[in-house]
Structure formats: C-alpha cells, structure tokens
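Printed here is coords-v4.tsv (TSV, C-alpha atoms):
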chain	number	residue	atom	x	y	z
U	1	LEU	CA	-69.03	-47.53	71.31
U	2	TYR	CA	-67.68	-45.09	68.75
U	3	ALA	CA	-69.51	-42.13	67.29
U	4	PRO	CA	-70.81	-43.13	63.82
U	5	PRO	CA	-68.23	-41.15	61.78
U	6	VAL	CA	-65.38	-42.74	63.77
U	7	GLN	CA	-66.88	-46.21	63.35
U	8	ARG	CA	-67.28	-45.57	59.61
U	9	LEU	CA	-63.63	-44.57	59.28
U	10	ILE	CA	-62.50	-47.67	61.20
U	11	THR	CA	-64.67	-49.86	58.96
U	12	GLU	CA	-63.32	-48.30	55.75
U	13	LEU	CA	-59.69	-48.51	56.92
U	14	GLY	CA	-60.27	-52.15	57.93
U	15	LYS	CA	-61.14	-52.99	54.32
U	16	LEU	CA	-57.57	-52.25	53.23
U	17	PRO	CA	-55.40	-55.35	52.74
U	18	GLY	CA	-53.38	-56.35	55.81
U	19	ILE	CA	-55.19	-53.81	58.03
U	20	GLY	CA	-56.99	-55.59	60.85
U	21	GLN	CA	-59.48	-54.19	63.34
U	22	ARG	CA	-56.88	-53.00	65.84
U	23	THR	CA	-54.65	-51.38	63.23
U	24	ALA	CA	-57.71	-49.68	61.72
U	25	GLN	CA	-58.53	-48.26	65.17
U	26	ARG	CA	-54.97	-47.06	65.63
U	27	LEU	CA	-54.93	-45.38	62.20
U	28	ALA	CA	-58.35	-43.82	62.84
U	29	PHE	CA	-57.19	-42.32	66.13
U	30	HIS	CA	-54.07	-41.04	64.39
U	31	ILE	CA	-56.23	-39.34	61.76
U	32	LEU	CA	-58.45	-37.90	64.50
U	33	ARG	CA	-55.39	-36.45	66.23
U	34	ALA	CA	-53.73	-35.22	63.02
U	35	ASP	CA	-54.03	-31.72	61.55
U	36	ALA	CA	-57.14	-31.37	59.41
U	37	ASP	CA	-54.80	-30.40	56.53
U	38	ASP	CA	-52.83	-33.64	56.74
U	39	ALA	CA	-55.96	-35.77	56.98
U	40	ASN	CA	-57.62	-33.98	54.09
U	41	ALA	CA	-54.44	-34.34	52.00
U	42	LEU	CA	-54.84	-38.11	52.37
U	43	ALA	CA	-58.54	-37.97	51.49
U	44	ASP	CA	-57.76	-35.79	48.45
U	45	ALA	CA	-54.96	-38.10	47.32
U	46	ILE	CA	-57.37	-41.06	47.38
U	47	ARG	CA	-60.03	-39.18	45.41
U	48	GLU	CA	-57.43	-37.86	42.97
U	49	VAL	CA	-56.00	-41.25	42.00
U	50	LYS	CA	-59.49	-42.58	41.41
U	51	GLU	CA	-60.35	-39.55	39.27
U	52	ARG	CA	-57.13	-39.09	37.36
U	53	ILE	CA	-55.48	-42.49	37.08
U	54	GLY	CA	-56.75	-44.97	34.54
U	55	LEU	CA	-55.21	-47.70	32.41
U	56	CYS	CA	-53.01	-47.04	29.39
U	57	GLU	CA	-54.93	-47.79	26.18
U	58	VAL	CA	-51.91	-49.61	24.74
U	59	CYS	CA	-50.37	-51.60	27.58
U	60	PHE	CA	-52.90	-51.33	30.50
U	61	ASN	CA	-50.28	-49.92	32.83
U	62	LEU	CA	-51.46	-47.10	35.14
U	63	ALA	CA	-51.67	-43.81	33.25
U	64	ASP	CA	-52.75	-40.25	34.06
U	65	GLY	CA	-53.88	-39.80	30.48
U	66	PRO	CA	-54.81	-42.09	27.59
U	67	ARG	CA	-51.27	-43.52	27.46
U	68	CYS	CA	-48.76	-44.34	30.17
U	69	ARG	CA	-45.34	-42.72	30.47
U	70	VAL	CA	-43.50	-45.70	29.00
U	71	CYS	CA	-45.76	-45.86	25.92
U	72	LEU	CA	-45.40	-42.07	25.48
U	73	ASP	CA	-41.60	-42.29	25.64
U	74	GLU	CA	-40.37	-42.50	22.02
U	75	ARG	CA	-36.96	-43.72	23.16
U	76	ARG	CA	-38.41	-46.96	24.54
U	77	ASP	CA	-37.87	-49.92	22.24
U	78	ALA	CA	-41.31	-50.90	20.91
U	79	THR	CA	-39.99	-54.21	19.53
U	80	VAL	CA	-39.53	-55.75	22.99
U	81	ILE	CA	-42.60	-56.22	25.22
U	82	CYS	CA	-42.37	-57.26	28.85
U	83	VAL	CA	-45.56	-58.96	30.08
U	84	VAL	CA	-46.36	-58.54	33.77
U	85	GLU	CA	-49.32	-59.42	35.97
U	86	GLU	CA	-50.04	-56.13	37.75
U	87	PRO	CA	-49.24	-52.43	37.28
U	88	GLY	CA	-47.17	-52.62	40.47
U	89	ASP	CA	-44.84	-55.11	38.76
U	90	VAL	CA	-43.67	-52.48	36.28
U	91	ILE	CA	-41.95	-50.44	39.00
U	92	PRO	CA	-39.39	-53.05	40.18
U	93	ILE	CA	-38.43	-53.77	36.55
U	94	GLU	CA	-38.02	-50.06	35.84
U	95	ARG	CA	-35.82	-49.78	38.93
U	96	THR	CA	-33.30	-52.22	37.45
U	97	HIS	CA	-32.68	-49.79	34.52
U	98	GLU	CA	-32.03	-52.95	32.50
U	99	PHE	CA	-35.16	-53.05	30.39
U	100	PRO	CA	-35.32	-50.72	27.36
U	101	GLY	CA	-38.65	-51.96	25.96
U	102	ARG	CA	-42.37	-51.51	26.56
U	103	TYR	CA	-44.79	-53.31	28.86
U	104	HIS	CA	-48.03	-55.19	28.73
U	105	VAL	CA	-49.99	-55.49	31.98
U	106	LEU	CA	-52.31	-58.50	32.11
U	107	GLY	CA	-54.27	-57.44	35.19
U	108	GLY	CA	-53.67	-60.73	37.00
U	109	ALA	CA	-52.71	-64.34	36.36
U	110	LEU	CA	-54.70	-67.31	35.09
U	111	SER	CA	-56.26	-69.21	37.97
U	112	PRO	CA	-59.12	-71.56	37.13
U	113	ILE	CA	-59.71	-72.20	40.85
U	114	ASP	CA	-60.42	-68.50	41.39
U	115	GLY	CA	-62.40	-68.32	38.14
U	116	VAL	CA	-59.76	-66.24	36.32
U	117	ASP	CA	-59.89	-67.26	32.65
U	118	PRO	CA	-57.93	-65.82	29.70
U	119	ASP	CA	-60.92	-63.59	28.94
U	120	ASP	CA	-60.57	-61.93	32.35
U	121	LEU	CA	-57.02	-60.79	31.54
U	122	LYS	CA	-55.65	-58.50	28.83
U	123	ILE	CA	-54.33	-61.52	26.91
U	124	ALA	CA	-56.28	-61.02	23.65
U	125	PRO	CA	-55.09	-57.38	23.41
U	126	LEU	CA	-51.52	-58.68	23.82
U	127	TYR	CA	-51.90	-61.00	20.84
U	128	ALA	CA	-53.52	-58.23	18.78
U	129	ARG	CA	-50.70	-55.88	19.74
U	130	VAL	CA	-48.00	-58.39	18.76
U	131	GLU	CA	-49.70	-59.29	15.48
U	132	ARG	CA	-50.32	-55.71	14.36
U	133	ALA	CA	-47.11	-54.12	15.61
U	134	ASP	CA	-45.18	-51.93	13.18
U	135	PRO	CA	-42.21	-52.20	13.45
U	136	PRO	CA	-42.75	-55.89	14.28
U	137	VAL	CA	-42.18	-57.17	17.82
U	138	ARG	CA	-38.89	-59.08	18.16
U	139	GLU	CA	-39.28	-60.43	21.69
U	140	VAL	CA	-41.92	-60.95	24.34
U	141	VAL	CA	-40.44	-61.30	27.85
U	142	LEU	CA	-42.86	-63.15	30.12
U	143	ALA	CA	-42.31	-61.60	33.54
U	144	THR	CA	-45.30	-63.03	35.38
U	145	ASN	CA	-44.54	-64.11	38.94
U	146	PRO	CA	-42.60	-67.36	39.54
U	147	THR	CA	-45.72	-68.86	41.20
U	148	THR	CA	-48.08	-71.62	40.08
U	149	THR	CA	-50.52	-69.16	38.53
U	150	GLY	CA	-47.77	-66.97	37.07
U	151	GLU	CA	-46.06	-69.98	35.47
U	152	ALA	CA	-49.35	-71.27	34.06
U	153	THR	CA	-50.05	-67.85	32.58
U	154	ALA	CA	-46.58	-67.68	31.01
U	155	LEU	CA	-46.94	-71.17	29.48
U	156	HIS	CA	-50.40	-70.35	28.16
U	157	ILE	CA	-49.22	-67.14	26.46
U	158	ALA	CA	-46.01	-68.74	25.16
U	159	ALA	CA	-47.97	-71.56	23.47
U	160	ALA	CA	-50.40	-69.11	21.86
U	161	LEU	CA	-47.64	-66.79	20.64
U	162	ARG	CA	-45.71	-69.66	19.07
U	163	GLU	CA	-48.82	-70.34	16.96
U	164	ARG	CA	-49.89	-66.79	16.19
U	165	ALA	CA	-46.55	-65.00	15.85
U	166	ALA	CA	-43.96	-67.57	14.93
U	167	GLY	CA	-41.16	-65.05	14.31
U	168	VAL	CA	-41.31	-63.56	17.82
U	169	ALA	CA	-38.84	-64.77	20.47
U	170	VAL	CA	-40.69	-65.63	23.69
U	171	THR	CA	-38.53	-65.56	26.84
U	172	ARG	CA	-39.11	-65.98	30.55
U	173	LEU	CA	-37.39	-64.30	33.51
U	174	ALA	CA	-34.69	-66.55	34.99
U	175	SER	CA	-35.57	-68.38	38.18
U	176	GLY	CA	-32.76	-69.09	40.64
U	177	LEU	CA	-31.07	-67.97	43.81
U	178	PRO	CA	-31.68	-64.34	44.78
U	179	VAL	CA	-28.49	-62.27	44.98
U	180	GLY	CA	-27.15	-62.38	48.54
U	181	ALA	CA	-28.88	-65.68	49.33
U	182	ASP	CA	-27.29	-68.47	51.36
U	183	LEU	CA	-27.31	-71.97	49.84
U	184	GLU	CA	-27.85	-73.43	53.30
U	185	TYR	CA	-31.23	-71.70	53.60
U	186	ALA	CA	-32.38	-71.89	49.98
U	187	ASP	CA	-35.60	-73.83	49.43
U	188	GLU	CA	-35.22	-76.91	47.26
U	189	VAL	CA	-37.50	-75.71	44.45
U	190	THR	CA	-35.52	-72.50	43.97
U	191	LEU	CA	-32.22	-74.36	44.22
U	192	GLY	CA	-33.49	-76.93	41.71
U	193	LYS	CA	-34.39	-74.13	39.29
U	194	ALA	CA	-30.99	-72.50	39.84
U	195	LEU	CA	-29.27	-75.81	39.02
U	196	ALA	CA	-31.42	-76.51	35.98
U	197	GLY	CA	-30.79	-72.99	34.68
U	198	ARG	CA	-27.01	-72.97	35.32
U	199	ARG	CA	-24.96	-70.93	32.87
U	200	ALA	CA	-21.46	-71.23	31.44
U	201	LEU	CA	-19.00	-68.81	33.00
C	1	LEU	CA	-41.45	-43.73	38.46
C	2	TYR	CA	-45.06	-43.23	39.48
C	3	ALA	CA	-47.50	-40.78	37.98
C	4	PRO	CA	-47.75	-37.76	40.35
C	5	PRO	CA	-51.20	-38.63	41.81
C	6	VAL	CA	-50.01	-42.15	42.62
C	7	GLN	CA	-46.82	-40.83	44.21
C	8	ARG	CA	-48.86	-38.35	46.22
C	9	LEU	CA	-51.11	-41.11	47.54
C	10	ILE	CA	-48.11	-43.27	48.49
C	11	THR	CA	-46.55	-40.30	50.30
C	12	GLU	CA	-49.73	-39.53	52.24
C	13	LEU	CA	-50.32	-43.17	53.19
C	14	GLY	CA	-46.68	-43.44	54.30
C	15	LYS	CA	-47.29	-40.70	56.88
C	16	LEU	CA	-49.66	-42.98	58.82
C	17	PRO	CA	-48.11	-44.62	61.88
C	18	GLY	CA	-46.62	-48.05	61.26
C	19	ILE	CA	-47.08	-47.73	57.48
C	20	GLY	CA	-43.71	-47.94	55.72
C	21	GLN	CA	-42.87	-47.25	52.09
C	22	ARG	CA	-43.65	-50.76	50.86
C	23	THR	CA	-46.93	-51.03	52.75
C	24	ALA	CA	-47.91	-47.58	51.46
C	25	GLN	CA	-47.25	-48.81	47.89
C	26	ARG	CA	-49.30	-51.94	48.50
C	27	LEU	CA	-52.22	-49.95	49.93
C	28	ALA	CA	-52.01	-47.43	47.05
C	29	PHE	CA	-52.18	-50.20	44.45
C	30	HIS	CA	-55.10	-51.72	46.33
C	31	ILE	CA	-56.92	-48.38	46.22
C	32	LEU	CA	-56.10	-48.06	42.50
C	33	ARG	CA	-57.61	-51.48	41.87
C	34	ALA	CA	-60.64	-50.96	44.12
C	35	ASP	CA	-64.05	-49.73	42.99
C	36	ALA	CA	-64.20	-45.94	42.87
C	37	ASP	CA	-67.11	-46.19	45.34
C	38	ASP	CA	-65.04	-48.06	47.93
C	39	ALA	CA	-62.09	-45.71	47.57
C	40	ASN	CA	-64.28	-42.64	47.81
C	41	ALA	CA	-66.02	-44.08	50.87
C	42	LEU	CA	-62.61	-44.13	52.59
C	43	ALA	CA	-61.83	-40.57	51.45
C	44	ASP	CA	-65.24	-39.40	52.66
C	45	ALA	CA	-64.85	-41.16	56.01
C	46	ILE	CA	-61.56	-39.34	56.57
C	47	ARG	CA	-63.05	-35.95	55.68
C	48	GLU	CA	-66.14	-36.67	57.77
C	49	VAL	CA	-64.30	-37.45	61.00
C	50	LYS	CA	-62.26	-34.28	60.63
C	51	GLU	CA	-65.41	-32.24	59.99
C	52	ARG	CA	-67.80	-33.82	62.46
C	53	ILE	CA	-65.73	-35.16	65.34
C	54	GLY	CA	-64.42	-32.78	67.97
C	55	LEU	CA	-63.75	-32.98	71.69
C	56	CYS	CA	-66.47	-33.07	74.32
C	57	GLU	CA	-66.67	-29.71	76.13
C	58	VAL	CA	-66.93	-31.49	79.48
C	59	CYS	CA	-64.55	-34.44	79.36
C	60	PHE	CA	-62.52	-33.98	76.11
C	61	ASN	CA	-63.52	-37.41	74.83
C	62	LEU	CA	-64.31	-37.60	71.11
C	63	ALA	CA	-67.76	-36.22	70.38
C	64	ASP	CA	-69.91	-35.64	67.29
C	65	GLY	CA	-71.55	-32.67	68.99
C	66	PRO	CA	-70.69	-30.37	71.90
C	67	ARG	CA	-70.85	-33.31	74.36
C	68	CYS	CA	-69.83	-36.93	74.05
C	69	ARG	CA	-72.20	-39.87	74.38
C	70	VAL	CA	-71.11	-40.67	77.93
C	71	CYS	CA	-71.62	-37.11	79.15
C	72	LEU	CA	-75.03	-37.00	77.41
C	73	ASP	CA	-76.14	-40.24	79.08
C	74	GLU	CA	-78.10	-39.25	82.19
C	75	ARG	CA	-77.80	-42.78	83.59
C	76	ARG	CA	-74.01	-42.46	83.94
C	77	ASP	CA	-72.89	-41.74	87.49
C	78	ALA	CA	-71.48	-38.18	87.48
C	79	THR	CA	-69.92	-38.64	90.92
C	80	VAL	CA	-67.21	-41.01	89.65
C	81	ILE	CA	-64.71	-39.74	87.06
C	82	CYS	CA	-62.25	-42.00	85.29
C	83	VAL	CA	-59.16	-40.14	84.05
C	84	VAL	CA	-57.48	-41.54	80.91
C	85	GLU	CA	-54.70	-40.35	78.64
C	86	GLU	CA	-56.27	-40.62	75.20
C	87	PRO	CA	-59.78	-40.87	73.70
C	88	GLY	CA	-58.87	-44.37	72.53
C	89	ASP	CA	-58.49	-45.43	76.18
C	90	VAL	CA	-62.20	-44.90	76.85
C	91	ILE	CA	-63.18	-47.77	74.55
C	92	PRO	CA	-61.43	-50.64	76.37
C	93	ILE	CA	-62.87	-49.45	79.69
C	94	GLU	CA	-66.39	-49.22	78.19
C	95	ARG	CA	-65.94	-52.76	76.86
C	96	THR	CA	-65.54	-54.11	80.41
C	97	HIS	CA	-69.11	-52.90	81.26
C	98	GLU	CA	-67.71	-52.44	84.79
C	99	PHE	CA	-67.51	-48.66	84.91
C	100	PRO	CA	-70.75	-46.75	85.54
C	101	GLY	CA	-69.22	-43.25	85.78
C	102	ARG	CA	-67.98	-40.49	83.50
C	103	TYR	CA	-64.59	-39.85	81.92
C	104	HIS	CA	-61.95	-37.18	81.70
C	105	VAL	CA	-59.48	-37.39	78.79
C	106	LEU	CA	-56.17	-35.66	79.46
C	107	GLY	CA	-54.89	-35.72	75.87
C	108	GLY	CA	-51.59	-37.39	76.82
C	109	ALA	CA	-49.30	-37.97	79.80
C	110	LEU	CA	-46.79	-35.74	81.54
C	111	SER	CA	-43.36	-36.15	80.00
C	112	PRO	CA	-40.80	-33.40	80.74
C	113	ILE	CA	-38.35	-35.04	78.29
C	114	ASP	CA	-40.83	-34.60	75.45
C	115	GLY	CA	-41.79	-31.15	76.70
C	116	VAL	CA	-45.26	-32.20	77.87
C	117	ASP	CA	-46.12	-30.07	80.94
C	118	PRO	CA	-49.35	-29.99	82.95
C	119	ASP	CA	-50.44	-26.99	80.86
C	120	ASP	CA	-50.32	-29.13	77.71
C	121	LEU	CA	-52.89	-31.54	79.14
C	122	LYS	CA	-56.50	-31.06	80.25
C	123	ILE	CA	-55.44	-31.21	83.91
C	124	ALA	CA	-56.65	-27.77	85.03
C	125	PRO	CA	-60.15	-28.43	83.57
C	126	LEU	CA	-60.18	-31.69	85.58
C	127	TYR	CA	-59.54	-29.80	88.84
C	128	ALA	CA	-62.18	-27.21	87.92
C	129	ARG	CA	-64.63	-29.96	87.11
C	130	VAL	CA	-64.02	-31.77	90.41
C	131	GLU	CA	-64.22	-28.56	92.47
C	132	ARG	CA	-67.41	-27.26	90.85
C	133	ALA	CA	-69.27	-30.57	90.45
C	134	ASP	CA	-72.85	-30.70	91.69
C	135	PRO	CA	-73.57	-33.33	92.94
C	136	PRO	CA	-70.02	-33.51	94.29
C	137	VAL	CA	-67.52	-36.01	92.87
C	138	ARG	CA	-67.01	-39.00	95.17
C	139	GLU	CA	-64.13	-40.69	93.41
C	140	VAL	CA	-61.53	-40.01	90.73
C	141	VAL	CA	-60.13	-43.21	89.18
C	142	LEU	CA	-56.71	-42.57	87.66
C	143	ALA	CA	-56.57	-44.88	84.64
C	144	THR	CA	-53.48	-43.49	82.92
C	145	ASN	CA	-51.23	-46.17	81.44
C	146	PRO	CA	-49.00	-48.23	83.77
C	147	THR	CA	-45.90	-46.67	82.16
C	148	THR	CA	-43.35	-44.21	83.52
C	149	THR	CA	-45.18	-41.20	82.10
C	150	GLY	CA	-48.62	-42.57	82.99
C	151	GLU	CA	-47.54	-43.23	86.60
C	152	ALA	CA	-45.97	-39.76	86.89
C	153	THR	CA	-49.19	-38.21	85.59
C	154	ALA	CA	-51.29	-40.18	88.09
C	155	LEU	CA	-49.06	-39.19	91.02
C	156	HIS	CA	-49.11	-35.54	89.94
C	157	ILE	CA	-52.91	-35.43	89.73
C	158	ALA	CA	-53.38	-37.43	92.97
C	159	ALA	CA	-51.19	-34.97	94.92
C	160	ALA	CA	-53.05	-31.96	93.53
C	161	LEU	CA	-56.49	-33.46	94.20
C	162	ARG	CA	-55.59	-34.30	97.80
C	163	GLU	CA	-54.89	-30.60	98.30
C	164	ARG	CA	-57.76	-29.13	96.27
C	165	ALA	CA	-60.54	-31.61	96.93
C	166	ALA	CA	-59.81	-33.39	100.17
C	167	GLY	CA	-63.13	-35.24	100.33
C	168	VAL	CA	-62.67	-36.99	96.99
C	169	ALA	CA	-61.33	-40.56	96.94
C	170	VAL	CA	-58.47	-40.88	94.44
C	171	THR	CA	-57.84	-44.42	93.18
C	172	ARG	CA	-55.57	-46.02	90.62
C	173	LEU	CA	-56.17	-49.05	88.37
C	174	ALA	CA	-54.64	-52.19	89.85
C	175	SER	CA	-51.32	-53.32	88.40
C	176	GLY	CA	-50.61	-57.04	88.39
C	177	LEU	CA	-50.62	-60.16	86.30
C	178	PRO	CA	-52.86	-60.06	83.25
C	179	VAL	CA	-55.59	-62.72	83.29
C	180	GLY	CA	-54.31	-65.85	81.55
C	181	ALA	CA	-50.65	-64.99	82.17
C	182	ASP	CA	-48.01	-67.55	83.14
C	183	LEU	CA	-45.89	-66.78	86.23
C	184	GLU	CA	-42.89	-68.35	84.51
C	185	TYR	CA	-42.93	-65.68	81.80
C	186	ALA	CA	-44.07	-62.69	83.88
C	187	ASP	CA	-41.59	-59.79	84.00
C	188	GLU	CA	-40.27	-59.00	87.46
C	189	VAL	CA	-41.75	-55.50	87.65
C	190	THR	CA	-45.27	-56.74	86.95
C	191	LEU	CA	-44.83	-59.69	89.31
C	192	GLY	CA	-43.49	-57.32	91.99
C	193	LYS	CA	-46.58	-55.11	91.60
C	194	ALA	CA	-48.83	-58.17	91.74
C	195	LEU	CA	-47.19	-59.27	95.00
C	196	ALA	CA	-47.27	-55.80	96.58
C	197	GLY	CA	-50.96	-55.48	95.62
C	198	ARG	CA	-52.03	-58.94	96.81
C	199	ARG	CA	-55.55	-59.20	98.17
C	200	ALA	CA	-57.20	-61.31	100.89
C	201	LEU	CA	-59.33	-64.12	99.46

Give the structure from this file in structure tokens form.
Amino acid sequence: LYAPPVQRLITELGKLPGIGQRTAQRLAFHILRADADDANALADAIREVKERIGLCEVCFNLADGPRCRVCLDERRDATVICVVEEPGDVIPIERTHEFPGRYHVLGGALSPIDGVDPDDLKIAPLYARVERADPPVREVVLATNPTTTGEATALHIAAALRERAAGVAVTRLASGLPVGADLEYADEVTLGKALAGRRAL
Amino acid sequence: LYAPPVQRLITELGKLPGIGQRTAQRLAFHILRADADDANALADAIREVKERIGLCEVCFNLADGPRCRVCLDERRDATVICVVEEPGDVIPIERTHEFPGRYHVLGGALSPIDGVDPDDLKIAPLYARVERADPPVREVVLATNPTTTGEATALHIAAALRERAAGVAVTRLASGLPVGADLEYADEVTLGKALAGRRAL
C-alpha cells in the first residue's frame, strides 16, 4: 500500500524496541510531514553515534574517543570501581552525585538460559583491571540490577574477586523500599529485603 | 552527562511525537547497541523518504514520482473522488478494498482556532479538479474525520461543491457504532448518530 521508501522507513522504525507497527506508521508520517532539515538531523544523529561513539578501552562505558569521560577525569577516585550491566546504567548513578569512583560496564548480565556466559561479558577485563591496578583498588561496588540475572552476576563476580583479590572490599547496592514508597503497596520481596537490610538509626 | 553525539541523538529522537525523554534515551541506547548496518539502514530510510517522497501533483497523496500509485492506476474510477485529511488516511480506506475511485488529500482540516483556513488546505485544487474533470466526476465522498474540525471541513466543501458543481453527488462517510461495539459502552454522541442514520433492513 505504501510507496517502497515509506514502507522501508516504517519497517526500520518498527525494529526499535517498544515501537509497534502502528507507532512506526505514525512516526513515519511525522517524518514525512517534518522539515527536511529536522528529519535529516535525526538521520545524521543516528549515523554520527555509530561513527563516533565506541566503548572506553578501560571500562567499556560509551566513549567518543579511546577513553570515556569518567576514565579521563583525573579527579575520579581510581581505587573504587562501580560495576554496572549497561552503559545506560552509568547515567543514573552519575545523577546521584554520590559516587566519586570509576566504572566498569559488563555489557549485560549472566543468563545461562539466554546463552550469556562469563565470556560474553567484560568480566575477565574487570579481574585483570583489579589485579593490575596501581594504586590498588580498595572497593568494587556491584551495581548490577536487583533482578535474578543481575544478582547471579553480582554473586559470580564477588566469589571470583574474593579468590583473586582478597584485599579488595566487594559491596552490593542496598535493596529496599524506594524513597516515597508506601508500605501498603510494597511487594513482599522488596519489603523482605528492606527488613533484612535494616540499619541502626 | 552524555557524550555530545549521544545527547544529540536523544534530543532528535525526543522531537518525535509521543517519544518522551526516557523513551528517547532507551531508543538511543538501543541504536548504540545495534549493528552499525541496522542503525544506518534507519538513517538511510529517513533520508530516502525525504529525498524521494513528495506529493502527487493530482491528489496530494504521498508519491515517489510526480503522481501517486492510485492516480497512475488506470483501473481506478476517476469519476469518484474520496476526500481525506492526511496521506495516512488513504491507507485504511485502501485496506477495506471497498473503494474503487481516486483520492484527494487536503493536508489537514479547517480549524480557525489553530489558524487553518481554506487557503492552507488543498481545497481550491479540489474544486478545480472537480470542475475540469473529463470524464466528469459523479461523486465526491467526504471522508474527513468524524471530529469537530473534520465535520466543519466536510460541511464547508459540501456547500461549495453544491454551488460550483451542481451535478456532482456529495456524500459523507456514515457515522455510527463501530463493528463489534457494545451498546452499553457506546458514547451518546455516537449512539445518537447511529440512531439518526438508521437504515431499513
């Protein structure tokens, strides 16, 4: 029904996550109606990230050069490494302004069901980084997601680090009630974790 | 927080309709993770529609040449013209396989509040088309949306056509209950239209 270029655009938009057939049509018609400049700015932005953005050679965060902005920043504490699953997880931690250290991006979480083994993640480079670090690493904060796969990944790395780098503290983000939550509506797993992790006031 | 190319992509994605800041971030990270080929296919599809798709010189539907596929199709009945608001409205009508005629795309609906006057739409070319048609036009089906602005546009065009082209039948899409609807949940305006438009069985 559509001219081939329109159909192609709808198909490509429909490959984006959470974009179904109808939304892809709506976006395509928006792009058709938009100024050529606006549409081309989007096309250029897509090409540009693929050309210019790669992974940091140290921590595998997104970088527009060989190293990411955190690894280039001399003021960041190199003795504390926060381990996250995806590059997108760095942003929310940075927004807290509470973390002075560096990152290590695994590129996913261990999931045998999906065929994701330790070799598929940047786990070996993490060990190498911790073992060779100068000054030595004091703490590794495991900030993988509080999900089944994220927890499994954290446990796997914690066990390995205890063996390979005995002097390094290995910590995990606290699980518990989100700020602003209502006990009445909290799920029992989260509430259980909040109870188990209760702190002295 | 993001490298400039990533921020640029998030900004451009966020300009799409219904795409908020968080969705734009999610899409950007998907594009960053995707194969360069897939991402560039999307960028190319955007550029291609802007380069290759224009409006049909006859009916102002989308076209990848001077005329759209409907206007190029000799089997389509040129004596019946279906008037729609947007190019996207042609598709659902084509999907019914019930309409053998041609189209005329107005490019919107009359809306004095939004400053959309008859001169902003392809209304004058519609009159010219109807007046000059050979063979003459038998019927104009007004298929603007059953909304305030769509109804106003249909009434405006119907009045003008009665004056300018007295021999042409001017019809409007039926309003009524959608197929599969439940009377209990029908809104009163739709149900009122369905009653007023009741047909002998």

Exercise. Hey, list the chain C side of the contact with chain U: 9 Å cut-off, all atoms listed in the file, answer as number ranges by chain.
Key: C: 1-6, 8-13, 15-18, 23, 25-32, 34-36, 38-54, 62-64, 68-69, 87-88, 91, 94-95

Using C-alpha atoms, can you export the residues from the last selection as a short mmCIF file (atom, residue, chain, number, x, y, z; two decimals), in the frame of the given file?
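Listed below is the output, again-v9.cif:
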data_model
loop_
_atom_site.label_atom_id
_atom_site.label_comp_id
_atom_site.auth_asym_id
_atom_site.auth_seq_id
_atom_site.Cartn_x
_atom_site.Cartn_y
_atom_site.Cartn_z
CA LEU C 1 -41.45 -43.73 38.46
CA TYR C 2 -45.06 -43.23 39.48
CA ALA C 3 -47.50 -40.78 37.98
CA PRO C 4 -47.75 -37.76 40.35
CA PRO C 5 -51.20 -38.63 41.81
CA VAL C 6 -50.01 -42.15 42.62
CA ARG C 8 -48.86 -38.35 46.22
CA LEU C 9 -51.11 -41.11 47.54
CA ILE C 10 -48.11 -43.27 48.49
CA THR C 11 -46.55 -40.30 50.30
CA GLU C 12 -49.73 -39.53 52.24
CA LEU C 13 -50.32 -43.17 53.19
CA LYS C 15 -47.29 -40.70 56.88
CA LEU C 16 -49.66 -42.98 58.82
CA PRO C 17 -48.11 -44.62 61.88
CA GLY C 18 -46.62 -48.05 61.26
CA THR C 23 -46.93 -51.03 52.75
CA GLN C 25 -47.25 -48.81 47.89
CA ARG C 26 -49.30 -51.94 48.50
CA LEU C 27 -52.22 -49.95 49.93
CA ALA C 28 -52.01 -47.43 47.05
CA PHE C 29 -52.18 -50.20 44.45
CA HIS C 30 -55.10 -51.72 46.33
CA ILE C 31 -56.92 -48.38 46.22
CA LEU C 32 -56.10 -48.06 42.50
CA ALA C 34 -60.64 -50.96 44.12
CA ASP C 35 -64.05 -49.73 42.99
CA ALA C 36 -64.20 -45.94 42.87
CA ASP C 38 -65.04 -48.06 47.93
CA ALA C 39 -62.09 -45.71 47.57
CA ASN C 40 -64.28 -42.64 47.81
CA ALA C 41 -66.02 -44.08 50.87
CA LEU C 42 -62.61 -44.13 52.59
CA ALA C 43 -61.83 -40.57 51.45
CA ASP C 44 -65.24 -39.40 52.66
CA ALA C 45 -64.85 -41.16 56.01
CA ILE C 46 -61.56 -39.34 56.57
CA ARG C 47 -63.05 -35.95 55.68
CA GLU C 48 -66.14 -36.67 57.77
CA VAL C 49 -64.30 -37.45 61.00
CA LYS C 50 -62.26 -34.28 60.63
CA GLU C 51 -65.41 -32.24 59.99
CA ARG C 52 -67.80 -33.82 62.46
CA ILE C 53 -65.73 -35.16 65.34
CA GLY C 54 -64.42 -32.78 67.97
CA LEU C 62 -64.31 -37.60 71.11
CA ALA C 63 -67.76 -36.22 70.38
CA ASP C 64 -69.91 -35.64 67.29
CA CYS C 68 -69.83 -36.93 74.05
CA ARG C 69 -72.20 -39.87 74.38
CA PRO C 87 -59.78 -40.87 73.70
CA GLY C 88 -58.87 -44.37 72.53
CA ILE C 91 -63.18 -47.77 74.55
CA GLU C 94 -66.39 -49.22 78.19
CA ARG C 95 -65.94 -52.76 76.86
#

Exercise. Quote the spacing between atom CA of Gly197 of chain C and atom CA of Glu139 of chain C in Å to one decimal place.
Key: 19.9 Å

Exercise. Find the residues near Asn61 of chain C: any atom within 6 Å, counting all atoms listed in the file, skip ones fewer than 4 places away on the same chain, and give them as a list in words.
Key: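 Contacts, with the query itself left out: Leu55, Cys56, Pro87 and Val105 of chain C.
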
Self-check item: Interatomic distance, atom CA of Ala109 of chain U to atom CA of Thr144 of chain U (Å, one decimal)
Solution: 7.6 Å

Practice problem: Give me, please, the distance in Å between atom CA of Val170 of chain U and atom CA of Asp119 of chain U, quoted to one decimal. | Solution: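 It comes out at 21.0 Å.
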
Exercise. For the point (-65.5, -46.2, 87.4) in the file's frame, write as an MDAnalysis selection string all residues with an atom no more than 8 Å away, counting all atoms listed in the file.
Key: chainID C and resid 80:82 98:102 141
